[in-house]
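> See data_35.txt below, with compact mmCIF, C-alpha atoms.
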```
# COMPACT_ATOMS: atom_id res chain seq x y z
CA MET A 285 27.09 -8.10 -4.83
CA HIS A 286 24.60 -5.46 -3.88
CA ASP A 287 21.71 -7.90 -4.06
CA ILE A 288 23.48 -10.75 -2.31
CA ARG A 289 24.29 -8.53 0.64
CA LYS A 290 20.71 -7.38 0.95
CA ILE A 291 19.36 -10.92 0.82
CA ASP A 292 21.80 -12.23 3.43
CA VAL A 293 20.83 -9.57 5.93
CA MET A 294 17.15 -10.05 5.12
CA GLU A 295 17.27 -13.79 5.78
CA GLY A 296 18.89 -13.21 9.16
CA VAL A 297 16.26 -10.66 10.07
CA LEU A 298 13.44 -13.00 8.99
CA ASP A 299 14.85 -15.96 11.00
CA GLU A 300 15.13 -13.81 14.09
CA ASN A 301 11.63 -12.43 13.49
CA ASP A 302 10.10 -15.91 13.09
CA HIS A 303 11.72 -17.10 16.28
CA ILE A 304 10.19 -14.22 18.26
CA ALA A 305 6.86 -14.64 16.46
CA GLU A 306 6.68 -18.26 17.67
CA HIS A 307 7.30 -17.03 21.18
CA VAL A 308 4.49 -14.45 20.92
CA ASN A 309 2.16 -17.09 19.49
CA ARG A 310 2.86 -19.52 22.34
CA HIS A 311 2.47 -16.82 24.97
CA MET A 312 -0.91 -15.70 23.59
CA THR A 313 -2.14 -19.28 23.15
CA GLU A 314 -1.44 -19.89 26.84
CA HIS A 315 -3.64 -16.90 27.67
CA GLY A 316 -6.40 -18.23 25.42
CA VAL A 317 -6.11 -15.18 23.18
CA LEU A 318 -6.45 -15.60 19.40
CA VAL A 319 -4.10 -13.28 17.53
CA VAL A 320 -5.45 -11.80 14.29
CA ASN A 321 -3.00 -10.01 11.96
CA GLU A 322 -5.12 -7.58 9.96
CA MET A 323 -3.59 -6.58 6.64
CA GLY A 324 -4.73 -4.35 3.81
CA ALA A 325 -3.80 -1.43 1.56
CA PRO A 326 -4.10 2.15 2.84
CA GLY A 327 -7.77 3.02 3.24
CA ALA A 328 -9.03 -0.54 2.73
CA GLY A 329 -11.25 -0.21 5.77
CA LYS A 330 -9.16 -1.96 8.42
CA THR A 331 -10.29 0.14 11.38
CA THR A 332 -13.88 0.26 10.17
CA SER A 333 -13.87 -3.53 9.90
CA LEU A 334 -12.45 -3.90 13.42
CA ARG A 335 -15.15 -1.65 14.81
CA ASN A 336 -17.89 -3.63 13.08
CA ILE A 337 -16.55 -7.07 13.99
CA VAL A 338 -16.21 -6.14 17.66
CA LYS A 339 -19.93 -5.25 17.81
CA HIS A 340 -20.80 -8.89 17.18
CA LEU A 341 -18.22 -10.56 19.45
CA ASP A 342 -19.11 -12.30 22.70
CA VAL A 343 -15.45 -12.63 23.71
CA LYS A 344 -13.17 -9.81 24.85
CA PRO A 345 -11.44 -7.79 22.12
CA TYR A 346 -7.93 -6.43 22.52
CA VAL A 347 -6.52 -4.13 19.84
CA ILE A 348 -3.04 -3.02 18.78
CA GLU A 349 -2.96 -0.34 16.09
CA GLY A 350 0.07 -0.08 13.84
CA ASP A 351 0.74 3.20 12.05
CA ILE A 352 3.78 4.87 10.61
CA GLU A 353 2.70 8.07 12.32
CA SER A 354 -0.46 9.41 14.00
CA ASP A 355 -2.85 7.77 16.44
CA ILE A 356 -6.11 8.75 14.73
CA ASP A 357 -7.51 5.20 14.73
CA THR A 358 -6.47 4.46 18.31
CA GLN A 359 -8.25 7.59 19.51
CA ALA A 360 -11.36 6.65 17.53
CA LEU A 361 -11.44 3.09 18.93
CA ASN A 362 -10.72 4.14 22.52
CA SER A 363 -13.49 6.75 22.26
CA ILE A 364 -16.04 4.00 21.66
CA GLY A 365 -14.75 1.92 24.56
CA ILE A 366 -12.43 -0.53 22.76
CA GLU A 367 -9.12 -0.71 24.64
CA THR A 368 -6.53 0.04 21.98
CA HIS A 369 -2.75 0.29 22.13
CA GLN A 370 -0.68 2.25 19.59
CA ILE A 371 2.55 1.26 17.86
CA ASN A 372 4.13 3.93 15.65
CA THR A 373 6.87 2.65 13.36
CA TYR A 374 8.11 6.08 12.17
CA GLY A 375 8.95 5.01 8.67
CA SER A 376 8.96 1.23 8.82
CA CYS A 377 6.52 -0.26 6.33
CA HIS A 378 5.32 -3.21 8.45
CA LEU A 379 5.00 -4.43 12.02
CA ASP A 380 7.41 -7.12 13.16
CA ALA A 381 7.40 -9.72 15.93
CA PRO A 382 9.78 -7.85 18.30
CA MET A 383 7.40 -4.84 18.28
CA ILE A 384 4.48 -7.11 19.16
CA GLU A 385 6.43 -9.02 21.82
CA HIS A 386 7.31 -5.72 23.46
CA MET A 387 3.74 -4.40 23.32
CA THR A 388 2.01 -7.61 24.48
CA GLY A 389 4.34 -7.60 27.49
CA HIS A 390 2.60 -4.39 28.58
CA ILE A 391 -1.01 -5.50 28.12
CA SER A 392 -2.77 -7.47 30.83
CA PHE A 393 -4.66 -10.30 29.17
CA ASN A 394 -6.93 -10.98 32.12
CA GLU A 395 -9.44 -13.03 30.15
CA PRO A 396 -9.48 -15.09 26.96
CA GLY A 397 -10.48 -13.28 23.79
CA ILE A 398 -9.19 -12.01 20.47
CA LEU A 399 -6.23 -9.68 19.93
CA PHE A 400 -6.63 -7.76 16.69
CA ILE A 401 -3.39 -6.28 15.38
CA GLU A 402 -3.95 -3.73 12.64
CA ASN A 403 -0.84 -3.75 10.50
CA ILE A 404 0.57 -0.83 8.45
CA GLY A 405 -1.53 -0.06 5.36
CA ASN A 406 0.52 -1.93 2.78
CA LEU A 407 -0.22 -5.00 0.65
CA VAL A 408 3.44 -5.97 0.26
CA CYS A 409 5.79 -5.89 3.23
CA PRO A 410 3.49 -7.00 6.09
CA ALA A 411 2.85 -10.27 4.22
CA GLU A 412 6.53 -11.19 4.67
CA PHE A 413 6.70 -10.80 8.44
CA SER A 414 4.88 -13.09 10.85
CA ILE A 415 3.95 -11.26 14.06
CA GLY A 416 2.82 -14.35 15.97
CA GLU A 417 -0.69 -14.47 14.56
CA HIS A 418 -3.02 -17.45 14.55
CA VAL A 419 -5.08 -15.87 11.77
CA MET A 420 -4.00 -13.62 8.89
CA MET A 421 -7.05 -11.55 7.94
CA LEU A 422 -6.75 -9.70 4.62
CA ILE A 423 -9.02 -6.76 3.74
CA SER A 424 -9.28 -6.09 0.01
CA THR A 425 -11.66 -3.43 -1.24
CA VAL A 426 -13.79 -3.35 -4.37
CA THR A 427 -12.56 0.20 -5.08
CA GLU A 428 -9.00 -1.13 -5.54
CA GLY A 429 -10.15 -3.13 -8.54
CA SER A 430 -10.44 -6.82 -9.29
CA ASP A 431 -6.80 -7.43 -10.28
CA LYS A 432 -5.28 -7.23 -6.81
CA PRO A 433 -4.73 -11.00 -6.28
CA TYR A 434 -2.70 -11.06 -9.52
CA LYS A 435 -0.56 -8.08 -8.53
CA TYR A 436 -0.03 -8.76 -4.82
CA PRO A 437 -0.08 -12.57 -4.66
CA LEU A 438 1.77 -13.16 -1.38
CA ALA A 439 -0.86 -11.43 0.77
CA PHE A 440 -3.66 -13.41 -0.88
CA GLU A 441 -1.71 -16.65 -0.64
CA LYS A 442 -1.06 -16.25 3.08
CA ALA A 443 -4.55 -15.11 4.08
CA ASP A 444 -6.62 -17.36 6.39
CA ILE A 445 -9.69 -15.21 5.82
CA ILE A 446 -10.42 -12.48 3.27
CA LEU A 447 -12.86 -9.60 3.68
CA LEU A 448 -13.96 -8.00 0.43
CA SER A 449 -14.91 -4.57 1.73
CA LYS A 450 -16.99 -1.56 0.64
CA VAL A 451 -19.33 -3.78 -1.40
CA ASP A 452 -21.99 -1.05 -1.16
CA LEU A 453 -19.95 0.82 -3.81
CA ILE A 454 -20.10 -1.99 -6.42
CA PRO A 455 -22.96 -0.34 -8.37
CA TYR A 456 -20.71 2.68 -9.10
CA LEU A 457 -17.63 0.67 -10.16
CA ASP A 458 -16.51 -1.77 -12.85
CA PHE A 459 -15.55 -4.41 -10.29
CA ASP A 460 -15.30 -7.87 -11.88
CA GLU A 461 -16.00 -10.26 -9.02
CA GLU A 462 -15.49 -13.39 -11.12
CA PHE A 463 -12.00 -12.26 -12.17
CA PHE A 464 -11.18 -11.35 -8.56
CA MET A 465 -12.31 -14.73 -7.22
CA LYS A 466 -10.46 -16.57 -9.98
CA GLY A 467 -7.27 -14.84 -8.85
CA VAL A 468 -7.96 -15.64 -5.19
CA ARG A 469 -8.66 -19.32 -5.87
CA ALA A 470 -5.51 -19.74 -7.97
CA LEU A 471 -3.47 -18.74 -4.91
CA ASN A 472 -5.55 -19.98 -2.01
CA LYS A 473 -7.99 -22.76 -2.77
CA ASP A 474 -10.07 -22.85 0.40
CA VAL A 475 -9.81 -19.43 2.05
CA PRO A 476 -13.22 -18.09 3.13
CA VAL A 477 -14.14 -14.77 1.49
CA PHE A 478 -16.74 -12.56 3.20
CA LYS A 479 -18.35 -9.56 1.51
CA VAL A 480 -18.65 -6.68 3.95
CA SER A 481 -19.69 -3.05 4.04
CA GLY A 482 -18.89 -0.54 6.76
CA LYS A 483 -21.74 1.58 5.49
CA THR A 484 -24.52 -1.00 5.72
CA GLY A 485 -22.83 -3.26 8.29
CA GLU A 486 -23.47 -6.35 6.16
CA GLY A 487 -21.23 -9.38 6.49
CA TYR A 488 -19.54 -8.55 9.78
CA GLU A 489 -21.69 -10.81 11.94
CA GLU A 490 -20.53 -13.79 9.88
CA VAL A 491 -16.89 -12.69 10.16
CA ALA A 492 -17.22 -12.33 13.93
CA ARG A 493 -18.74 -15.81 14.17
CA TRP A 494 -15.90 -17.31 12.09
CA LEU A 495 -13.26 -15.67 14.32
CA GLN A 496 -15.06 -16.71 17.50
CA ASN A 497 -15.03 -20.31 16.37
CA LYS A 498 -11.28 -20.05 15.81
CA ALA A 499 -10.89 -18.60 19.31
CA LYS A 500 -12.88 -21.51 20.76
CA GLU A 501 -10.78 -24.09 18.87
CA LEU A 502 -7.72 -22.43 20.41
CA GLY A 503 -9.18 -22.79 23.89
CA SER A 504 -10.05 -26.46 23.50
CA GLY A 505 -7.31 -27.71 21.18
CA GLU A 506 -3.95 -26.45 22.42
CA MET B 204 21.91 -4.26 17.97
CA HIS B 205 19.32 -5.63 15.63
CA ASP B 206 18.11 -2.15 14.72
CA ILE B 207 21.55 -0.61 14.36
CA ARG B 208 22.60 -3.27 11.89
CA LYS B 209 19.50 -2.74 9.81
CA ILE B 210 19.98 1.02 9.70
CA ASP B 211 23.66 0.77 8.69
CA VAL B 212 22.89 -1.46 5.75
CA MET B 213 19.90 0.69 4.79
CA GLU B 214 21.98 3.87 4.68
CA GLY B 215 24.54 2.24 2.44
CA VAL B 216 21.81 1.02 0.09
CA LEU B 217 20.21 4.48 -0.01
CA ASP B 218 23.54 6.22 -0.76
CA GLU B 219 24.27 3.83 -3.61
CA ASN B 220 20.70 4.23 -4.90
CA ASP B 221 20.90 8.04 -4.85
CA HIS B 222 24.17 7.99 -6.74
CA ILE B 223 22.64 5.88 -9.54
CA ALA B 224 19.45 7.96 -9.46
CA GLU B 225 21.49 11.09 -10.19
CA HIS B 226 23.07 9.31 -13.11
CA VAL B 227 19.64 8.32 -14.51
CA ASN B 228 18.37 11.86 -14.04
CA ARG B 229 21.36 13.36 -15.92
CA HIS B 230 21.05 10.83 -18.72
CA MET B 231 17.33 11.50 -19.25
CA THR B 232 17.79 15.28 -19.00
CA GLU B 233 20.34 15.07 -21.83
CA HIS B 234 17.71 13.31 -23.94
CA GLY B 235 15.14 16.00 -23.11
CA VAL B 236 12.96 13.42 -21.38
CA LEU B 237 11.13 14.41 -18.19
CA VAL B 238 11.00 11.51 -15.71
CA VAL B 239 7.79 11.20 -13.69
CA ASN B 240 7.77 8.80 -10.71
CA GLU B 241 4.13 7.83 -10.24
CA MET B 242 3.30 6.65 -6.74
CA GLY B 243 0.11 5.53 -5.05
CA ALA B 244 -1.52 2.80 -2.97
CA PRO B 245 -2.76 -0.40 -4.66
CA GLY B 246 -5.76 0.42 -6.81
CA ALA B 247 -5.38 4.20 -6.53
CA GLY B 248 -5.81 4.53 -10.29
CA LYS B 249 -2.19 4.84 -11.42
CA THR B 250 -2.60 3.13 -14.79
CA THR B 251 -5.96 4.77 -15.44
CA SER B 252 -4.39 8.16 -14.75
CA LEU B 253 -1.51 7.42 -17.13
CA ARG B 254 -3.91 6.47 -19.86
CA ASN B 255 -5.93 9.65 -19.40
CA ILE B 256 -2.95 12.00 -19.17
CA VAL B 257 -1.38 10.59 -22.34
CA LYS B 258 -4.54 11.43 -24.32
CA HIS B 259 -3.88 15.13 -23.74
CA LEU B 260 -0.10 15.19 -24.31
CA ASP B 261 1.52 16.74 -27.37
CA VAL B 262 4.93 15.28 -26.53
CA LYS B 263 5.95 11.63 -26.78
CA PRO B 264 5.08 9.39 -23.80
CA TYR B 265 7.35 6.55 -22.68
CA VAL B 266 6.13 4.20 -19.95
CA ILE B 267 7.80 1.80 -17.52
CA GLU B 268 5.38 -0.29 -15.44
CA GLY B 269 6.55 -1.59 -12.08
CA ASP B 270 4.75 -4.58 -10.59
CA ILE B 271 5.66 -7.26 -8.10
CA GLU B 272 4.20 -9.82 -10.48
CA SER B 273 1.96 -9.79 -13.58
CA ASP B 274 2.01 -7.54 -16.64
CA ILE B 275 -1.72 -6.77 -16.79
CA ASP B 276 -1.20 -2.99 -17.03
CA THR B 277 1.59 -3.23 -19.59
CA GLN B 278 -0.60 -5.35 -21.84
CA ALA B 279 -3.46 -2.89 -21.46
CA LEU B 280 -1.29 0.13 -22.30
CA ASN B 281 0.46 -1.55 -25.24
CA SER B 282 -2.93 -2.59 -26.60
CA ILE B 283 -3.92 1.07 -26.95
CA GLY B 284 -0.65 1.99 -28.63
CA ILE B 285 1.37 3.32 -25.70
CA GLU B 286 4.85 1.77 -25.79
CA THR B 287 5.25 0.28 -22.32
CA HIS B 288 8.08 -1.67 -20.72
CA GLN B 289 7.60 -4.00 -17.75
CA ILE B 290 9.71 -4.38 -14.62
CA ASN B 291 8.69 -7.19 -12.26
CA THR B 292 10.28 -6.99 -8.81
CA TYR B 293 9.15 -10.45 -7.60
CA GLY B 294 8.64 -9.46 -4.00
CA SER B 295 10.40 -6.13 -3.68
CA CYS B 296 8.05 -3.42 -2.46
CA HIS B 297 9.42 -0.53 -4.54
CA LEU B 298 11.40 0.27 -7.67
CA ASP B 299 14.97 1.44 -7.22
CA ALA B 300 17.43 3.41 -9.33
CA PRO B 301 19.50 0.40 -10.52
CA MET B 302 16.34 -1.19 -11.98
CA ILE B 303 15.53 2.03 -13.85
CA GLU B 304 19.11 2.53 -15.03
CA HIS B 305 19.07 -0.98 -16.45
CA MET B 306 15.70 -0.54 -18.16
CA THR B 307 16.36 2.93 -19.61
CA GLY B 308 19.53 1.51 -21.16
CA HIS B 309 17.27 -0.68 -23.31
CA ILE B 310 14.79 1.98 -24.46
CA SER B 311 15.60 4.19 -27.41
CA PHE B 312 14.67 7.74 -26.51
CA ASN B 313 14.62 9.00 -30.08
CA GLU B 314 12.71 12.18 -29.30
CA PRO B 315 12.12 14.40 -26.26
CA GLY B 316 9.06 13.61 -24.19
CA ILE B 317 7.91 12.31 -20.83
CA LEU B 318 8.89 8.99 -19.25
CA PHE B 319 6.20 7.84 -16.82
CA ILE B 320 7.39 5.25 -14.34
CA GLU B 321 4.54 3.57 -12.49
CA ASN B 322 5.93 2.46 -9.15
CA ILE B 323 4.74 -0.51 -7.05
CA GLY B 324 1.36 0.11 -5.40
CA ASN B 325 2.55 1.16 -1.97
CA LEU B 326 2.37 4.47 -0.08
CA VAL B 327 5.41 3.75 2.08
CA CYS B 328 8.57 2.27 0.57
CA PRO B 329 8.63 3.95 -2.88
CA ALA B 330 8.74 7.35 -1.17
CA GLU B 331 12.16 6.47 0.28
CA PHE B 332 13.89 5.59 -3.00
CA SER B 333 14.63 8.14 -5.69
CA ILE B 334 14.61 6.56 -9.13
CA GLY B 335 16.02 9.56 -10.97
CA GLU B 336 12.73 11.41 -11.36
CA HIS B 337 12.29 15.09 -12.10
CA VAL B 338 8.72 14.95 -10.83
CA MET B 339 7.18 12.82 -8.07
CA MET B 340 3.49 12.45 -8.90
CA LEU B 341 1.34 11.08 -6.08
CA ILE B 342 -2.11 9.59 -6.70
CA SER B 343 -4.36 9.56 -3.64
CA THR B 344 -7.93 8.41 -3.96
CA VAL B 345 -11.06 9.66 -2.23
CA THR B 346 -12.04 6.04 -1.45
CA GLU B 347 -8.95 5.69 0.77
CA GLY B 348 -10.33 8.33 3.11
CA SER B 349 -9.26 11.84 4.06
CA ASP B 350 -6.68 10.86 6.71
CA LYS B 351 -3.97 9.60 4.34
CA PRO B 352 -1.63 12.64 4.59
CA TYR B 353 -1.57 12.17 8.37
CA LYS B 354 -0.80 8.45 8.17
CA TYR B 355 1.65 8.38 5.23
CA PRO B 356 3.37 11.75 5.53
CA LEU B 357 6.58 11.07 3.57
CA ALA B 358 4.81 10.44 0.27
CA PHE B 359 2.78 13.65 0.63
CA GLU B 360 5.83 15.62 1.72
CA LYS B 361 7.88 14.53 -1.29
CA ALA B 362 5.18 14.95 -3.94
CA ASP B 363 5.69 17.59 -6.66
CA ILE B 364 2.13 17.12 -7.86
CA ILE B 365 -0.85 15.33 -6.27
CA LEU B 366 -3.80 13.83 -8.12
CA LEU B 367 -6.87 13.30 -5.97
CA SER B 368 -8.52 10.51 -7.96
CA LYS B 369 -11.96 8.90 -8.33
CA VAL B 370 -13.70 12.16 -7.37
CA ASP B 371 -16.85 10.89 -9.14
CA LEU B 372 -17.35 8.63 -6.09
CA ILE B 373 -17.44 11.49 -3.54
CA PRO B 374 -21.29 11.54 -3.36
CA TYR B 375 -21.24 7.96 -2.03
CA LEU B 376 -18.49 8.49 0.57
CA ASP B 377 -17.81 10.46 3.75
CA PHE B 378 -14.71 12.08 2.27
CA ASP B 379 -13.70 15.23 4.18
CA GLU B 380 -11.83 17.33 1.62
CA GLU B 381 -11.03 20.13 4.05
CA PHE B 382 -9.36 17.70 6.48
CA PHE B 383 -7.46 16.08 3.60
CA MET B 384 -6.17 19.45 2.30
CA LYS B 385 -5.23 20.59 5.80
CA GLY B 386 -3.04 17.48 6.08
CA VAL B 387 -1.50 18.06 2.65
CA ARG B 388 -0.71 21.73 3.36
CA ALA B 389 0.90 20.94 6.73
CA LEU B 390 3.43 18.77 4.87
CA ASN B 391 3.76 20.45 1.50
CA LYS B 392 2.79 24.10 1.35
CA ASP B 393 2.71 24.72 -2.39
CA VAL B 394 2.16 21.37 -4.12
CA PRO B 395 -0.54 21.59 -6.80
CA VAL B 396 -3.50 19.25 -6.19
CA PHE B 397 -5.67 18.24 -9.16
CA LYS B 398 -9.02 16.50 -8.77
CA VAL B 399 -9.40 13.79 -11.41
CA SER B 400 -11.79 11.03 -12.39
CA GLY B 401 -11.01 8.12 -14.70
CA LYS B 402 -14.74 7.66 -15.16
CA THR B 403 -15.59 11.16 -16.37
CA GLY B 404 -12.08 12.12 -17.55
CA GLU B 405 -12.21 15.39 -15.63
CA GLY B 406 -8.99 17.04 -14.51
CA TYR B 407 -6.52 15.17 -16.71
CA GLU B 408 -6.14 17.87 -19.33
CA GLU B 409 -4.89 20.25 -16.64
CA VAL B 410 -2.48 17.60 -15.31
CA ALA B 411 -1.11 16.98 -18.82
CA ARG B 412 -0.60 20.72 -19.33
CA TRP B 413 1.26 21.02 -16.01
CA LEU B 414 3.57 18.12 -16.91
CA GLN B 415 4.15 19.45 -20.42
CA ASN B 416 5.25 22.78 -18.99
CA LYS B 417 7.73 20.94 -16.78
CA ALA B 418 9.02 19.05 -19.83
CA LYS B 419 9.48 22.34 -21.69
CA GLU B 420 11.36 23.92 -18.76
CA LEU B 421 13.66 20.91 -18.86
CA GLY B 422 14.35 21.46 -22.56
CA SER B 423 15.12 25.14 -22.16
CA GLY B 424 16.70 25.30 -18.72
CA GLU B 425 19.27 22.55 -18.38
```
Produce structure tokens that represent the structure in this file.

Amino acid sequence: MHDIRKIDVMEGVLDENDHIAEHVNRHMTEHGVLVVNEMGAPGAGKTTSLRNIVKHLDVKPYVIEGDIESDIDTQALNSIGIETHQINTYGSCHLDAPMIEHMTGHISFNEPGILFIENIGNLVCPAEFSIGEHVMMLISTVTEGSDKPYKYPLAFEKADIILLSKVDLIPYLDFDEEFFMKGVRALNKDVPVFKVSGKTGEGYEEVARWLQNKAKELGSGE
Amino acid sequence: MHDIRKIDVMEGVLDENDHIAEHVNRHMTEHGVLVVNEMGAPGAGKTTSLRNIVKHLDVKPYVIEGDIESDIDTQALNSIGIETHQINTYGSCHLDAPMIEHMTGHISFNEPGILFIENIGNLVCPAEFSIGEHVMMLISTVTEGSDKPYKYPLAFEKADIILLSKVDLIPYLDFDEEFFMKGVRALNKDVPVFKVSGKTGEGYEEVARWLQNKAKELGSGE
């Protein structure tokens, strides 16, 4: 009983969410703005990755930061000149499409570009809720260990691009890259995986180029 | 509308959960078994910490491993002689009291000791659901960065003991311990914080002693 009730409500919520997510996606496509849903565990390096990707972009970046509480990352990004908007969920473990619809209604997308949406630090719940993205970008860090694809399969299955972050720390860890990649490939045969480091800056230029190509496809194709 | 419906259902689920959690707690107290709810982000070092704490215990350890999928950690713990039972949630982002009630009904607690329950790797949802624990043990790692108490306050507020893990990596990071501790103290004035490292083994003896004292209080007090 208990479980059936929960599932029924959940399905209704997901249907409603998907409907609004499609609307967000259409709206942003019309503006020529690629929407990137950035997911990762707490401390995976989501904000650091954003900051490093933006350095290499030749299209305009827009950023929405999702946090349960605090606006530490938004302050940091605004302070280096990246226009960033904050959503606080006050307890909720993921962003959802209605939150993004509401927020994008308040941002003026005056030129084409890329909207990065940094989701709540969580490898589970955000993977279940579309927020209107064109690209799901997953950040997984070497410090979390090489078994993450096996333990959190949905996030790895849904990813359109994976950043393996903090690779500068590999010498101090027992990270088994072969085991990690085997897990990734079992779930997601063709997803590109980029090794990056916020410390050395390596890898981010390639990520930026990949995203820019997606943004250009959006402009020409739809 | 949408939000009100979600909250109503959520409150009902939480009430029911708390009721069963109390039942689990009473049942385990009668057996002289201290229940430790181990929480932390993906890859924080939950299983590694378990393994290291158990080495220093002079009471019997029981372990329940919670994972969305896979039984990698259960296999690893059983292989070194720690009797471990697996719960797979297949999507659910946290353990709940009914799952634990069901599982503890199948374990024979033939002597007093400590039951470690490793929750799903997630800093958000597990903090909301009591599973009948006497002690909430939070693992936070230095690789996640020093801003975690500010971003995930509920977990830090509810913790009875905090392990700051992977401290051997501090020389390679920009971890600001003062900022971290300031955040912890703002939420949880007296919680003990132990620095630990799975690599060097440091800190775990003190954690084991702290838990053992709690287990003894349980035996004498209730």
> Quick one: everything within 9 Å of range 384-400 of chain A, counting all atoms listed in the file, minus sequence neighbours fewer than 4 positions away in the same chain. Send it as a VMD selection string.
chain A and resid 304 to 305 307 to 308 312 315 to 322 334 342 to 349 369 to 371 379 to 380 415 to 416 495 to 496 499 503
> Hey, what's within 12 Å of Thr251 in chain B if we count all atoms listed in the file and toss same-chain stuff fewer than 4 positions away? As a list in words, please?
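Contacts, with the query itself left out: Glu428 and Gly429 of chain A; Glu241, Gly246, Ala247, Asn255, Ile256, Val257, Lys258, Asp276, Thr277, Ala279, Leu280, Glu321, Ile342, Leu366, Ser368, Lys369, Val399, Ser400, Gly401, Lys402, Thr403, Gly404 and Tyr407 of chain B.
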> Have a look at A:Lys435, A:His311, A:His418, A:Lys479 and name the one nearest to chain B; count all atoms listed in the file.
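Once distances to chain B are computed over all atoms listed in the file, the minimum belongs to A:Lys435.
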> Each residue of chain B with at least one atom at most 7 Å from chain A should appear once, together with its nearest atom pair and the corresponding distance in Å (one decimal); atoms considered: all atoms listed in the file; ordering: chain, then increasing residue number; output as CSV.

```
residue,atom,partner,partner_atom,distance
B:Ala244,CA,A:Pro326,CA,6.4
B:Pro245,CA,A:Glu428,CA,6.3
B:Gly246,CA,A:Glu428,CA,3.8
B:Ala247,CA,A:Glu428,CA,6.5
B:Asp270,CA,A:Lys435,CA,6.7
B:Ile271,CA,A:Lys435,CA,6.3
B:Glu272,CA,A:Lys435,CA,5.4
B:Ser273,CA,A:Lys435,CA,5.9
B:Cys296,CA,A:Val408,CA,5.9
B:Asn325,CA,A:Asn406,CA,6.0
B:Val327,CA,A:Cys377,CA,5.9
B:Cys328,CA,A:Cys377,CA,6.6
B:Thr346,CA,A:Thr427,CA,6.9
B:Glu347,CA,A:Gly327,CA,3.8
B:Gly348,CA,A:Gly327,CA,5.9
B:Tyr353,CA,A:Ser354,CA,6.4
B:Lys354,CA,A:Glu353,CA,5.4
B:Tyr355,CA,A:Ile352,CA,6.8
```
> Go ahead and compute the interatomic distance for CA of Phe478 in chain A and CA of Lys442 in chain A, in Å to one decimal.
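Computed distance, CA of Phe478 in chain A to CA of Lys442 in chain A, equals 16.1 Å.
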> Work out how far CA of Ala443 in chain A is from CA of Lys473 in chain A, in Å to one decimal.
10.8 Å
> Could you write out as AutoDock Vina command-line options the box around range 216-220 of chain B (axis-aligned, all atoms listed in the file, 5 Å on each side), with centre and edge lengths in Å to one decimal?

```
--center_x 22.2 --center_y 3.6 --center_z -2.4 --size_x 14.1 --size_y 15.2 --size_z 15.0
```
> Just how far from CA of Lys466 in chain A is CA of Val419 in chain A, in Å to one decimal?
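Between CA of Val419 in chain A and CA of Lys466 in chain A the gap is 22.4 Å.
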> With distances taken over all atoms listed in the file, which residue among B:Leu421, B:Ala411, B:Ser333, B:Phe378 lies nearest Asp218 in chain B?
B:Ser333
